[in-house]
Amino acid sequence: MHSMIVKAYLFAMYAHGEQKRKDGLPYIMHPVEVATELARNGASENLICAGFLHDTIEDAFITKEQLTTAFNDEIAALVVADSENKEDSWEKRKSDALEMLRKPGDRDHKMLMCADKLSNLRSVYEGLQESGEDVWKRFKRGRDKQAWLFHETVAALAPLEGLPMYEELKQMTHEVFDTPRDEEEKK
C-alpha cells in the first residue's frame, strides 16, 4: 500500500478519535468504507486519501491548511468540496451540495460524493433490516427528506453511470425509498 494512503488512514483515525456514527459504530469505519469503495472503482491515490479524510474538516475540526501541509492541495480541495458548513440549515447544506454536484466536470468530486453517500445508505439499509422504520429516528430529517436527498444525489451523479458504486447507489436508493416495506417482507 502506498505510504500516502497509510498516512491518510492514520490521520483520519487520529482525527476522528472516539467519535461514533449514528448507529453507534466507531466513526472511522465510514471513511475506511468510502476509501475502499473509491479504490474498488479505480480512484487515484489522491482520491483514495480524500476518501479517508473527507469528514475531517466537517466533523473533526481539521483545517484545509492542515490537510494541505500534511498531504497536498488536491486532497485538501477534494475534502473542502465534500465538507458542509454545519452552521447552515440541513436544507441549505444539502441544496448547496447538490448544486455543486450538478455542475459539469470534476469527476473526482462526484466519485467522492458517490462513495460517501453509498456508505451512508448501506448503513441505513442495515438499520432497516435490524430495526425497521425506527432507523429514521436517527436523523434530524426523516425518511421523506432523506428520500429527496438520495434521489436528487443519484440524479446529480448520473455522469458516473457504469461505475459499480454508482449503480449500487442507484439500486439501493430505489430499494430503500421506492419499495414498500411490507411488500419487500413478503418476498
# chains A, B, ... in the order shown; residues from 1 in each chain; ligands from 1
$ select_by_dssp --residues "chain A" --states "helix (DSSP H, G or I)" --output "ChimeraX atom specification"
/A:3-16,29-40,45-53,56-60,64-70,73-81,90-102,107-138,143-156,158-160,164-178,181-186
$ residues_around --residues "Met172 of chain A" --least-positions-apart "3" --cutoff "9 Å" --atoms "only C-alpha atoms" --output "list in words"
Leu118, Leu121, Arg122, Tyr125, Glu167, Glu168, Leu169, Glu175, Val176 and Phe177 of chain A
$ closest_residue --among "A:Leu47, A:Ala8, A:Ala60, A:Ala70" --to "His109 of chain A" --atoms "only C-alpha atoms"
A:Leu47
$ residues_around --residues "Ala76 of chain A" --least-positions-apart "4" --cutoff "8 Å" --atoms "only C-alpha atoms" --output "list in words"
Ala50, Lys64, Glu65, Leu67, Thr68, Phe71, Asn72 and Val80 of chain A
$ residues_around --residues "Ile57 of chain A" --least-positions-apart "2" --cutoff "10 Å" --atoms "only C-alpha atoms" --output "list in words"
Ala15, Leu53, His54, Asp55, Asp59, Ala60, Phe61, Ile62, Thr63, Lys64, Gln66, Leu67, Ala76, Val79, Val80, Asp82, Ser83, Glu84 and Asn85 of chain A
$ residues_around --residues "segment 149-164 of chain A" --least-positions-apart "4" --cutoff "8 Å" --atoms "only C-alpha atoms" --output "PyMOL selection string"
chain A and resi 41+94+98+101-102+107+110-111+114+117+145+168-170+173
$ atom_distance --atom1 "atom CA of His30 of chain A" --atom2 "atom CA of Thr179 of chain A"
25.5 Å
$ closest_residue --among "A:Ser131, A:Gln146, A:Ser3, A:Asn120" --to "Glu33 of chain A" --atoms "only C-alpha atoms"
A:Asn120
$ closest_residue --among "A:Arg93, A:Gly42, A:Gly127, A:Gln171" --to "Lys22 of chain A" --atoms "only C-alpha atoms"
A:Gly127
$ decode --residues "segment 78-93 of chain A" --atoms "N, CA and C atoms" --output "PDB file, in the first residue's frame"
ATOM      1  N   LEU A  78     -10.413  18.499  -2.458  1.00  0.00           N
ATOM      2  CA  LEU A  78     -11.470  17.481  -2.512  1.00  0.00           C
ATOM      3  C   LEU A  78     -12.216  17.393  -1.184  1.00  0.00           C
ATOM      4  N   VAL A  79     -11.485  17.442  -0.083  1.00  0.00           N
ATOM      5  CA  VAL A  79     -12.120  17.375   1.240  1.00  0.00           C
ATOM      6  C   VAL A  79     -12.983  18.612   1.468  1.00  0.00           C
ATOM      7  N   VAL A  80     -12.480  19.786   1.089  1.00  0.00           N
ATOM      8  CA  VAL A  80     -13.262  21.021   1.235  1.00  0.00           C
ATOM      9  C   VAL A  80     -14.549  20.925   0.408  1.00  0.00           C
ATOM     10  N   ALA A  81     -14.446  20.422  -0.818  1.00  0.00           N
ATOM     11  CA  ALA A  81     -15.620  20.313  -1.699  1.00  0.00           C
ATOM     12  C   ALA A  81     -16.672  19.371  -1.104  1.00  0.00           C
ATOM     13  N   ASP A  82     -16.245  18.405  -0.309  1.00  0.00           N
ATOM     14  CA  ASP A  82     -17.163  17.434   0.291  1.00  0.00           C
ATOM     15  C   ASP A  82     -17.629  17.847   1.692  1.00  0.00           C
ATOM     16  N   SER A  83     -17.162  18.997   2.172  1.00  0.00           N
ATOM     17  CA  SER A  83     -17.490  19.445   3.532  1.00  0.00           C
ATOM     18  C   SER A  83     -18.655  20.426   3.513  1.00  0.00           C
ATOM     19  N   GLU A  84     -19.474  20.330   4.552  1.00  0.00           N
ATOM     20  CA  GLU A  84     -20.622  21.224   4.688  1.00  0.00           C
ATOM     21  C   GLU A  84     -20.382  22.175   5.849  1.00  0.00           C
ATOM     22  N   ASN A  85     -20.988  23.347   5.778  1.00  0.00           N
ATOM     23  CA  ASN A  85     -20.932  24.306   6.868  1.00  0.00           C
ATOM     24  C   ASN A  85     -22.049  23.957   7.852  1.00  0.00           C
ATOM     25  N   LYS A  86     -21.679  23.403   8.983  1.00  0.00           N
ATOM     26  CA  LYS A  86     -22.673  22.917   9.954  1.00  0.00           C
ATOM     27  C   LYS A  86     -23.504  24.045  10.572  1.00  0.00           C
ATOM     28  N   GLU A  87     -23.104  25.304  10.345  1.00  0.00           N
ATOM     29  CA  GLU A  87     -23.889  26.427  10.867  1.00  0.00           C
ATOM     30  C   GLU A  87     -25.126  26.685  10.004  1.00  0.00           C
ATOM     31  N   ASP A  88     -25.095  26.226   8.739  1.00  0.00           N
ATOM     32  CA  ASP A  88     -26.250  26.378   7.850  1.00  0.00           C
ATOM     33  C   ASP A  88     -27.308  25.328   8.190  1.00  0.00           C
ATOM     34  N   SER A  89     -28.538  25.595   7.774  1.00  0.00           N
ATOM     35  CA  SER A  89     -29.608  24.614   7.997  1.00  0.00           C
ATOM     36  C   SER A  89     -29.325  23.365   7.157  1.00  0.00           C
ATOM     37  N   TRP A  90     -29.941  22.249   7.549  1.00  0.00           N
ATOM     38  CA  TRP A  90     -29.780  20.991   6.807  1.00  0.00           C
ATOM     39  C   TRP A  90     -30.178  21.207   5.355  1.00  0.00           C
ATOM     40  N   GLU A  91     -31.317  21.877   5.137  1.00  0.00           N
ATOM     41  CA  GLU A  91     -31.817  22.094   3.786  1.00  0.00           C
ATOM     42  C   GLU A  91     -30.825  22.890   2.939  1.00  0.00           C
ATOM     43  N   LYS A  92     -30.254  23.943   3.505  1.00  0.00           N
ATOM     44  CA  LYS A  92     -29.287  24.759   2.759  1.00  0.00           C
ATOM     45  C   LYS A  92     -28.017  23.960   2.465  1.00  0.00           C
ATOM     46  N   ARG A  93     -27.529  23.228   3.452  1.00  0.00           N
ATOM     47  CA  ARG A  93     -26.312  22.422   3.248  1.00  0.00           C
ATOM     48  C   ARG A  93     -26.517  21.421   2.120  1.00  0.00           C
TER      49      ARG A  93
END
